[in-house]
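Student: The structure's right below; bear with me while I get my questions together.
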Amino acid sequence: MGRWTGGWQRAKAWAHVDATLARGLLWRLSLALIVSMLGLTWLVQHVSQRDVEAQAMEELRNTVMERARASGEDFALAERNVELLRAEYLRRLAAARPPGWQGEFRRWFARSPDQLLRLRPEFDDHRRLPSVYLRAQAELNDSLMWQTQVAFDLLREWGPPLTARYYSAYFDLPGQGLIMFSPSVNWGAEATPETNNFDYPPVAGASPERNPSRSNRWTPVYYDDKARIYMVSTVLPIDFEGRWIACVSQDVSVASLLKRTVSDSLPGTYSLILSRDGHLIAHPGFAERIEAAQGKLKLDQIRDPLLDEIAALAPPAEGQAAVSLSADGRHLLGVARIAGPDWLFVSVYPRAHLDAGVARSSENILMVGAVALLVLMSLLGWIVRRQISRPIAELRSAVQGVSEGRFEIAHGEAELREDELGDLGRSFAQMGAELAQREARLKRDAQALQEARDQLENRVQERTAELHASNAELVLALDDLGKTQSSLLRAERLASLGRMVAGVAHELGTPIGNARLAASTLAADAEQMARDVEQGLRRSQLSKFLQRLGSGSQILQGNLERASELLQNFKQVAVDGSSAQRRVFALDQLVRDILMTLQPTLKRLPLDIQVDIPAGLEMDSYPGALGQVLSNLIQNAAIHGFEGREQGRLEVQVDCPDAEHVRLRIRDDGCGIAAEIQPRVFDPFFTTRMGRGGSGLGLNISHNLVSNVLCGEIHLHSEAGAGSCFELLLPRVAPDHAEAETLPLPLSQFAGLTEAEESNAQSAGTRKA
């Protein structure tokens, strides 16, 4: 019973594998073969279509060229015929007239009752002789009689062979008459007194005005009402003794040509003929319209896109043919020139005709491929079941045993094979033995890992306690750093206050000293005047005293006014700098006030300051904050940019990039700022003058004022050795939400300091690089 049960389980495993792996492999192989077959069919179809199309284009080119050549031969022969007729006619006209020629003329011709000169009735046989008529208005002189007789004799001899292939051959005497050999129509009998051959199409284009080159020309297709056919004529004018006397023509019936064009075409194609002047000569789809238009159907009356495209093609050289693809890709167009009237013979080959043949070839390939696929898949199914499904079923049973903890794998059919599946079976048996050993090691390692985990938890708790202590220390350090920063900011503000007081004192010292000197001088003069009055005052002494009194008063008044003006300016700048008041101010006036307050400091530096500000430019903003920024930037350039230099240039430029913004540039030609420190110049406490009075807060304060108070932007452009440029982009009207900081201006901006005062001020307030 156990043997039967084991066999049943193996059979179920094989069936499962056969239903999954084998079937999946067969499906994948089938899909790959189908895709390959379809790809091969597409490739064959593509190559076949290209070859068939190339073959069709070559066949179309040869056919069109041969059809055009055959049609052109008829026209070329007609041209040679009329050239021979003209040459012989001129030769006979110029020859000596034989005796009795006038009697011969009267023997053949006589006037009819309607006064037209015709062949005598006994000779009037248009099938064997030329038919003739001369108009009643024509003056029957010797010249006209001789021209008529020579033309009659020439056509009587040459007419039969010339009309074996063509409809007729004739001489037109413009405005005089007609001599024609035409077996089909008796033109002389058809003529009436009103007949005027000068308006006849072959004659109309032969005049010297219309044909100055006197060459052979073909008429357009026209309908002859007497012959009742469509024809085209080659016309060659004849000039004799310096005047136009006649034209020789040969009529070619286009009926046979049109019939061949419409009916004689390649299978699936159709042909047509176009004239170079835009007329449709022959077309199987427009035969009735061509006949209704009497052979003069214009293309612009048809409005057919394909015909318009064909007419726009560049014609090939004579004797050649061109084949192209239509714009919509649906037709092959073969075009060749027909010699003579210079028509275009066109053959239209629909590509659908080609595609149908290629499609039939593709269908045959698909049918053969489908049969081959069924046979191949049946064979592959048998091979897959025998060579793959059975060994894999054994391996699957072994894998299931391993998953259930049975690592002893029995040897099966797969291990006896010498291919990849045999290697896999043997490797799997070896893997089972190694798994048994590895399971034992894993149990030992799991116990050791649990012990290590307990130790790790203890260490994590200890490390967490240490991190809490470190965080507390960092919080205290950050608090100390904030207090230090606040202290430095207060120190910077106090240093600025000191510099402002020193500057005010120094700047006011000069006018006040001058006023005191003038006052003391006036006091001494007054004492001297009192003594002179007691001793006896002379007029000269009084005049001298009054003169010194006036001069001293002027000096005293001027210095007091100077001191008052300085105090007023200092007061305005100080009020703006120490408050966040917003007001409307003139930008040029603000810059001049700032430069004036900085003059005591800047005048001892080798600086050439240039200011370029449009007059009357007003801003509605915070002048105190803007003044502090400008002062910081100007002093920063003066202290750092020209250190150790004997001269330099500082420019303050203002322009308006648009109606809502102002752009200020403070540019110097100093030593510049190194590229590696430019990203840090606006950071707080960053300075290149550490230990020499620099705190690193000047540019940081300026950046904060521009960004937060003035609601603008500040950018640095600098290269080492090429100077620096600070660019400010500010709104002309500051936003309502802007709040100015109350940061006093560094006072060295407001007054000129002595060297000792400046040293003390720099020790209290620092500048930033």
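Here's how to read the names in the structure tokens: chain A, B, ... by the order shown, residue numbers from 1 in each chain, ligand numbers from 1 in the order shown.
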What's around A:Leu90 at 9 Å? Count only C-alpha atoms, leave out sequence neighbours fewer than 3 positions away in its own chain, and write the answer as a list of chain:residue names.
Tutor: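 Non-adjacent residues within range: A:Leu85, A:Arg86, A:Ala87, A:Leu93, A:Ala94, A:Ala95, A:Ile238, A:Asp239, A:Phe240.
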Student: Identify, on the basis of only C-alpha atoms, every residue whose closest approach to A:Leu173 does not exceed 9 Å; exclude the query and any residue fewer than 3 positions from it along the same chain; express the result as a PyMOL selection string.
Tutor: chain A and resi 134+144+147-148+176-179+197-198+203+245-248
Student: Keeping N, CA, C and O atoms, export the residues of the selection given above as a PDB file, in the first residue's frame.
Tutor:
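Written out: out07.pdb:
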ATOM      1  N   LEU A 134     -10.340  79.532-103.539  1.00  0.00           N
ATOM      2  CA  LEU A 134      -9.791  80.875-103.377  1.00  0.00           C
ATOM      3  C   LEU A 134     -10.969  81.808-103.156  1.00  0.00           C
ATOM      4  O   LEU A 134     -11.992  81.726-103.870  1.00  0.00           O
ATOM      5  N   LEU A 144      -0.564  85.061-107.181  1.00  0.00           N
ATOM      6  CA  LEU A 144      -1.466  84.173-106.466  1.00  0.00           C
ATOM      7  C   LEU A 144      -1.742  82.919-107.299  1.00  0.00           C
ATOM      8  O   LEU A 144      -1.808  81.810-106.749  1.00  0.00           O
ATOM      9  N   GLN A 147       1.335  80.629-106.983  1.00  0.00           N
ATOM     10  CA  GLN A 147       1.395  79.992-105.662  1.00  0.00           C
ATOM     11  C   GLN A 147       0.373  78.861-105.564  1.00  0.00           C
ATOM     12  O   GLN A 147       0.662  77.785-105.056  1.00  0.00           O
ATOM     13  N   THR A 148      -0.836  79.106-106.111  1.00  0.00           N
ATOM     14  CA  THR A 148      -1.878  78.085-106.038  1.00  0.00           C
ATOM     15  C   THR A 148      -1.528  76.891-106.910  1.00  0.00           C
ATOM     16  O   THR A 148      -1.684  75.725-106.494  1.00  0.00           O
ATOM     17  N   GLN A 176      -6.455  84.295 -98.437  1.00  0.00           N
ATOM     18  CA  GLN A 176      -6.660  84.108 -99.875  1.00  0.00           C
ATOM     19  C   GLN A 176      -7.418  82.815-100.157  1.00  0.00           C
ATOM     20  O   GLN A 176      -8.442  82.828-100.830  1.00  0.00           O
ATOM     21  N   GLY A 177      -6.905  81.704 -99.634  1.00  0.00           N
ATOM     22  CA  GLY A 177      -7.565  80.449 -99.941  1.00  0.00           C
ATOM     23  C   GLY A 177      -6.835  79.291 -99.316  1.00  0.00           C
ATOM     24  O   GLY A 177      -5.937  79.450 -98.479  1.00  0.00           O
ATOM     25  N   LEU A 178      -7.207  78.069 -99.740  1.00  0.00           N
ATOM     26  CA  LEU A 178      -6.693  76.848 -99.134  1.00  0.00           C
ATOM     27  C   LEU A 178      -6.534  75.799-100.224  1.00  0.00           C
ATOM     28  O   LEU A 178      -7.409  75.620-101.068  1.00  0.00           O
ATOM     29  N   ILE A 179      -5.372  75.081-100.155  1.00  0.00           N
ATOM     30  CA  ILE A 179      -5.137  73.933-101.041  1.00  0.00           C
ATOM     31  C   ILE A 179      -4.881  72.759-100.107  1.00  0.00           C
ATOM     32  O   ILE A 179      -3.846  72.728 -99.406  1.00  0.00           O
ATOM     33  N   ASN A 197     -10.084  81.548 -94.013  1.00  0.00           N
ATOM     34  CA  ASN A 197      -9.132  80.632 -93.372  1.00  0.00           C
ATOM     35  C   ASN A 197      -8.096  81.363 -92.519  1.00  0.00           C
ATOM     36  O   ASN A 197      -7.300  80.731 -91.817  1.00  0.00           O
ATOM     37  N   PHE A 198      -8.104  82.695 -92.543  1.00  0.00           N
ATOM     38  CA  PHE A 198      -7.128  83.412 -91.720  1.00  0.00           C
ATOM     39  C   PHE A 198      -7.388  83.195 -90.231  1.00  0.00           C
ATOM     40  O   PHE A 198      -6.475  83.246 -89.413  1.00  0.00           O
ATOM     41  N   VAL A 203      -3.628  78.622 -88.909  1.00  0.00           N
ATOM     42  CA  VAL A 203      -3.090  79.817 -89.554  1.00  0.00           C
ATOM     43  C   VAL A 203      -2.896  80.941 -88.546  1.00  0.00           C
ATOM     44  O   VAL A 203      -1.973  81.752 -88.671  1.00  0.00           O
ATOM     45  N   ILE A 245       3.624  84.435 -97.302  1.00  0.00           N
ATOM     46  CA  ILE A 245       2.692  84.119 -98.371  1.00  0.00           C
ATOM     47  C   ILE A 245       1.814  82.918 -98.032  1.00  0.00           C
ATOM     48  O   ILE A 245       0.712  82.781 -98.593  1.00  0.00           O
ATOM     49  N   ALA A 246       2.308  82.037 -97.150  1.00  0.00           N
ATOM     50  CA  ALA A 246       1.526  80.825 -96.902  1.00  0.00           C
ATOM     51  C   ALA A 246       2.055  80.158 -95.639  1.00  0.00           C
ATOM     52  O   ALA A 246       3.052  80.571 -95.049  1.00  0.00           O
ATOM     53  N   CYS A 247       1.353  79.104 -95.254  1.00  0.00           N
ATOM     54  CA  CYS A 247       1.857  78.207 -94.206  1.00  0.00           C
ATOM     55  C   CYS A 247       1.455  76.805 -94.617  1.00  0.00           C
ATOM     56  O   CYS A 247       0.363  76.579 -95.135  1.00  0.00           O
ATOM     57  N   VAL A 248       2.360  75.869 -94.370  1.00  0.00           N
ATOM     58  CA  VAL A 248       2.118  74.477 -94.710  1.00  0.00           C
ATOM     59  C   VAL A 248       1.820  73.742 -93.411  1.00  0.00           C
ATOM     60  O   VAL A 248       2.469  73.954 -92.389  1.00  0.00           O
TER      61      VAL A 248
END
Student: Mind pulling up the distance from atom CA of A:Phe171 to atom CA of A:Phe123?
Tutor: 19.0 Å
Student: Quick one: everything within 8 Å of stretch 268-272 of chain A, counting only C-alpha atoms, minus sequence neighbours fewer than 5 positions away in the same chain. Send it as a PyMOL selection string.
Tutor: chain A and resi 261-263+280-284+345-350+353
Student: Residues of the last selection are to be written out with N, CA and C atoms, as an mmCIF file, in the first residue's frame.
Tutor:
data_model
loop_
_atom_site.group_PDB
_atom_site.id
_atom_site.type_symbol
_atom_site.label_atom_id
_atom_site.label_comp_id
_atom_site.auth_asym_id
_atom_site.auth_seq_id
_atom_site.Cartn_x
_atom_site.Cartn_y
_atom_site.Cartn_z
ATOM 1 N N THR A 261 -4.359 56.015 -75.093
ATOM 2 C CA THR A 261 -4.065 56.552 -73.750
ATOM 3 C C THR A 261 -5.057 56.041 -72.734
ATOM 4 N N VAL A 262 -6.351 56.014 -73.117
ATOM 5 C CA VAL A 262 -7.392 55.634 -72.163
ATOM 6 C C VAL A 262 -7.425 54.124 -71.947
ATOM 7 N N SER A 263 -7.225 53.347 -73.012
ATOM 8 C CA SER A 263 -7.453 51.902 -72.907
ATOM 9 C C SER A 263 -6.173 51.104 -72.707
ATOM 10 N N LEU A 280 -6.316 69.601 -70.118
ATOM 11 C CA LEU A 280 -6.405 68.149 -70.038
ATOM 12 C C LEU A 280 -6.772 67.626 -71.422
ATOM 13 N N ILE A 281 -5.873 66.841 -72.020
ATOM 14 C CA ILE A 281 -6.087 66.347 -73.379
ATOM 15 C C ILE A 281 -6.847 65.031 -73.355
ATOM 16 N N ALA A 282 -6.444 64.118 -72.489
ATOM 17 C CA ALA A 282 -7.091 62.803 -72.428
ATOM 18 C C ALA A 282 -7.074 62.328 -70.996
ATOM 19 N N HIS A 283 -8.226 61.749 -70.566
ATOM 20 C CA HIS A 283 -8.344 61.208 -69.210
ATOM 21 C C HIS A 283 -9.554 60.287 -69.201
ATOM 22 N N PRO A 284 -9.419 59.042 -68.707
ATOM 23 C CA PRO A 284 -10.569 58.122 -68.757
ATOM 24 C C PRO A 284 -11.735 58.579 -67.883
ATOM 25 N N PHE A 345 2.804 62.894 -71.023
ATOM 26 C CA PHE A 345 2.102 61.617 -70.890
ATOM 27 C C PHE A 345 2.290 61.156 -69.452
ATOM 28 N N VAL A 346 1.182 60.881 -68.751
ATOM 29 C CA VAL A 346 1.215 60.542 -67.325
ATOM 30 C C VAL A 346 0.491 59.227 -67.124
ATOM 31 N N SER A 347 1.131 58.339 -66.356
ATOM 32 C CA SER A 347 0.503 57.088 -65.974
ATOM 33 C C SER A 347 0.399 57.068 -64.455
ATOM 34 N N VAL A 348 -0.804 56.790 -63.950
ATOM 35 C CA VAL A 348 -1.079 56.784 -62.507
ATOM 36 C C VAL A 348 -1.229 55.342 -62.050
ATOM 37 N N TYR A 349 -0.360 54.941 -61.136
ATOM 38 C CA TYR A 349 -0.336 53.559 -60.651
ATOM 39 C C TYR A 349 -0.748 53.570 -59.176
ATOM 40 N N PRO A 350 -1.957 53.144 -58.803
ATOM 41 C CA PRO A 350 -2.365 53.138 -57.393
ATOM 42 C C PRO A 350 -1.508 52.171 -56.572
ATOM 43 N N HIS A 353 -2.824 48.685 -55.495
ATOM 44 C CA HIS A 353 -2.645 47.520 -56.367
ATOM 45 C C HIS A 353 -1.390 46.747 -55.962
#
Student: Skip A:Asp608 itself and residues of its chain fewer than 2 positions away, then list as an NGL selection string all residues within 12 Å of it, counting only C-alpha atoms.
Tutor: :A and (599 or 602-606 or 610-611 or 638 or 642 or 646-652 or 667-670)
Student: With N, CA, C and O atoms retained, export the selected residues as a tab-separated table (two decimals), in the first residue's frame.
Tutor:
chain	number	residue	atom	x	y	z
A	599	GLN	N	32.44	112.91	5.89
A	599	GLN	CA	33.56	113.66	5.33
A	599	GLN	C	34.74	113.78	6.28
A	599	GLN	O	35.89	113.65	5.87
A	602	LEU	N	36.50	110.49	5.89
A	602	LEU	CA	36.92	110.13	4.54
A	602	LEU	C	37.92	111.11	3.96
A	602	LEU	O	38.67	110.76	3.04
A	603	LYS	N	37.94	112.36	4.45
A	603	LYS	CA	38.80	113.35	3.80
A	603	LYS	C	40.28	113.08	4.04
A	603	LYS	O	41.14	113.59	3.33
A	604	ARG	N	40.59	112.27	5.09
A	604	ARG	CA	41.99	111.94	5.32
A	604	ARG	C	42.41	110.69	4.56
A	604	ARG	O	43.55	110.26	4.67
A	605	LEU	N	41.43	110.05	3.81
A	605	LEU	CA	41.74	108.84	3.05
A	605	LEU	C	41.93	109.19	1.58
A	605	LEU	O	41.36	110.16	1.08
A	606	PRO	N	42.76	108.40	0.89
A	606	PRO	CA	43.03	108.70	-0.54
A	606	PRO	C	41.87	108.26	-1.43
A	606	PRO	O	42.02	107.36	-2.25
A	610	GLN	N	32.71	109.57	-6.34
A	610	GLN	CA	31.86	110.02	-7.44
A	610	GLN	C	30.43	109.58	-7.15
A	610	GLN	O	30.17	108.42	-6.79
A	611	VAL	N	29.49	110.51	-7.33
A	611	VAL	CA	28.08	110.23	-7.07
A	611	VAL	C	27.29	110.47	-8.35
A	611	VAL	O	27.43	111.51	-8.99
A	638	ALA	N	36.11	101.97	2.61
A	638	ALA	CA	37.23	102.85	2.95
A	638	ALA	C	38.24	102.15	3.86
A	638	ALA	O	39.46	102.31	3.70
A	642	PHE	N	41.00	99.90	0.67
A	642	PHE	CA	42.15	100.71	0.28
A	642	PHE	C	43.23	100.71	1.35
A	642	PHE	O	44.03	101.65	1.46
A	646	GLU	N	47.66	104.37	-1.78
A	646	GLU	CA	47.79	105.83	-1.76
A	646	GLU	C	46.61	106.53	-2.43
A	646	GLU	O	46.43	107.73	-2.25
A	647	GLN	N	45.86	105.83	-3.23
A	647	GLN	CA	44.71	106.46	-3.88
A	647	GLN	C	43.68	105.39	-4.23
A	647	GLN	O	44.01	104.20	-4.29
A	648	GLY	N	42.46	105.82	-4.44
A	648	GLY	CA	41.39	104.90	-4.79
A	648	GLY	C	40.18	105.66	-5.28
A	648	GLY	O	40.11	106.90	-5.20
A	649	ARG	N	39.20	104.92	-5.76
A	649	ARG	CA	38.00	105.52	-6.33
A	649	ARG	C	36.79	104.79	-5.76
A	649	ARG	O	36.74	103.56	-5.73
A	650	LEU	N	35.81	105.58	-5.32
A	650	LEU	CA	34.56	105.03	-4.80
A	650	LEU	C	33.40	105.67	-5.55
A	650	LEU	O	33.34	106.89	-5.68
A	651	GLU	N	32.49	104.85	-6.08
A	651	GLU	CA	31.36	105.33	-6.88
A	651	GLU	C	30.05	104.93	-6.21
A	651	GLU	O	29.90	103.79	-5.76
A	652	VAL	N	29.13	105.89	-6.13
A	652	VAL	CA	27.77	105.63	-5.67
A	652	VAL	C	26.84	105.93	-6.85
A	652	VAL	O	26.71	107.08	-7.27
A	667	ARG	N	30.47	100.93	-5.49
A	667	ARG	CA	31.55	100.22	-6.19
A	667	ARG	C	32.89	100.90	-5.87
A	667	ARG	O	32.98	102.13	-5.88
A	668	ASP	N	33.90	100.09	-5.61
A	668	ASP	CA	35.25	100.62	-5.39
A	668	ASP	C	36.22	99.84	-6.25
A	668	ASP	O	35.90	98.75	-6.76
A	669	ASP	N	37.39	100.41	-6.44
A	669	ASP	CA	38.44	99.74	-7.22
A	669	ASP	C	39.57	99.29	-6.31
A	669	ASP	O	40.74	99.32	-6.68
A	670	GLY	N	39.18	98.83	-5.11
A	670	GLY	CA	40.16	98.43	-4.13
A	670	GLY	C	40.68	97.02	-4.35
A	670	GLY	O	40.68	96.48	-5.46
Student: With only C-alpha atoms as the basis for distance, which of A:Lys544, A:Arg516, A:Arg583, A:Arg351 is at the shortest distance from A:Pro623?
Tutor: A:Arg583
Student: Mind listing the strand (DSSP E) residues of stretch 511-620 of chain A, per DSSP on the backbone, as a count of residues only?
Tutor: 13
Student: Determine which residues of stretch 5-245 of chain A receive a DSSP assignment of helix (DSSP H, G or I), computed from the backbone, and state them as a ChimeraX atom specification.
Tutor: /A:5-94,101-108,121-123,142-162,187-190,197-199,201-204
Student: Expressed in Å to a single decimal, how great is the separation between atom CA of A:Gln149 and atom CA of A:Glu190?
Tutor: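 If I compute the distance from atom CA of A:Gln149 to atom CA of A:Glu190, I get 20.3 Å.
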Student: So how far away is atom CA of A:Ala78 from atom CA of A:Arg118, in Å?
Tutor: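 For atom CA of A:Arg118 relative to atom CA of A:Ala78, the distance reads 27.1 Å.
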Student: As a PyMOL selection string, please: the residues near stretch 292-304 of chain A (cut-off 12 Å, only C-alpha atoms, same-chain neighbours under 4 positions excluded).
Tutor: chain A and resi 219-225+228-232+254-255+258+273-283+285-288+308-312
Student: Could the residues in this selection be written to a file with C-alpha atoms, as a CSV table (one decimal), in the first residue's frame?
Tutor:
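Contents of again_10.csv, freshly written:
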chain,number,residue,atom,x,y,z
A,219,THR,CA,-1.6,74.0,-82.3
A,220,PRO,CA,-3.6,73.2,-79.2
A,221,VAL,CA,-6.1,70.4,-79.5
A,222,TYR,CA,-9.2,71.7,-81.3
A,223,TYR,CA,-12.4,70.3,-82.7
A,224,ASP,CA,-12.8,70.6,-86.5
A,225,ASP,CA,-16.5,71.0,-87.3
A,228,ARG,CA,-16.0,66.3,-86.9
A,229,ILE,CA,-12.9,65.0,-85.1
A,230,TYR,CA,-10.4,66.3,-82.6
A,231,MET,CA,-7.1,67.1,-84.1
A,232,VAL,CA,-3.8,68.9,-83.6
A,254,VAL,CA,-5.8,62.6,-81.9
A,255,ALA,CA,-8.6,60.0,-81.7
A,258,LEU,CA,-6.6,59.3,-77.0
A,273,ILE,CA,-2.3,63.5,-71.3
A,274,LEU,CA,-1.8,67.1,-70.2
A,275,SER,CA,-0.7,70.0,-72.2
A,276,ARG,CA,2.0,72.3,-70.8
A,277,ASP,CA,-0.4,75.3,-70.9
A,278,GLY,CA,-2.7,73.6,-68.4
A,279,HIS,CA,-5.3,71.7,-70.5
A,280,LEU,CA,-6.4,68.1,-70.0
A,281,ILE,CA,-6.1,66.3,-73.4
A,282,ALA,CA,-7.1,62.8,-72.4
A,283,HIS,CA,-8.3,61.2,-69.2
A,285,GLY,CA,-12.6,59.8,-66.0
A,286,PHE,CA,-13.2,63.1,-67.8
A,287,ALA,CA,-13.8,62.1,-71.4
A,288,GLU,CA,-17.3,63.7,-71.5
A,308,ASP,CA,-3.0,69.8,-59.9
A,309,GLU,CA,-0.1,67.9,-58.2
A,310,ILE,CA,0.8,66.3,-61.6
A,311,ALA,CA,0.7,69.6,-63.4
A,312,ALA,CA,3.1,71.1,-60.8
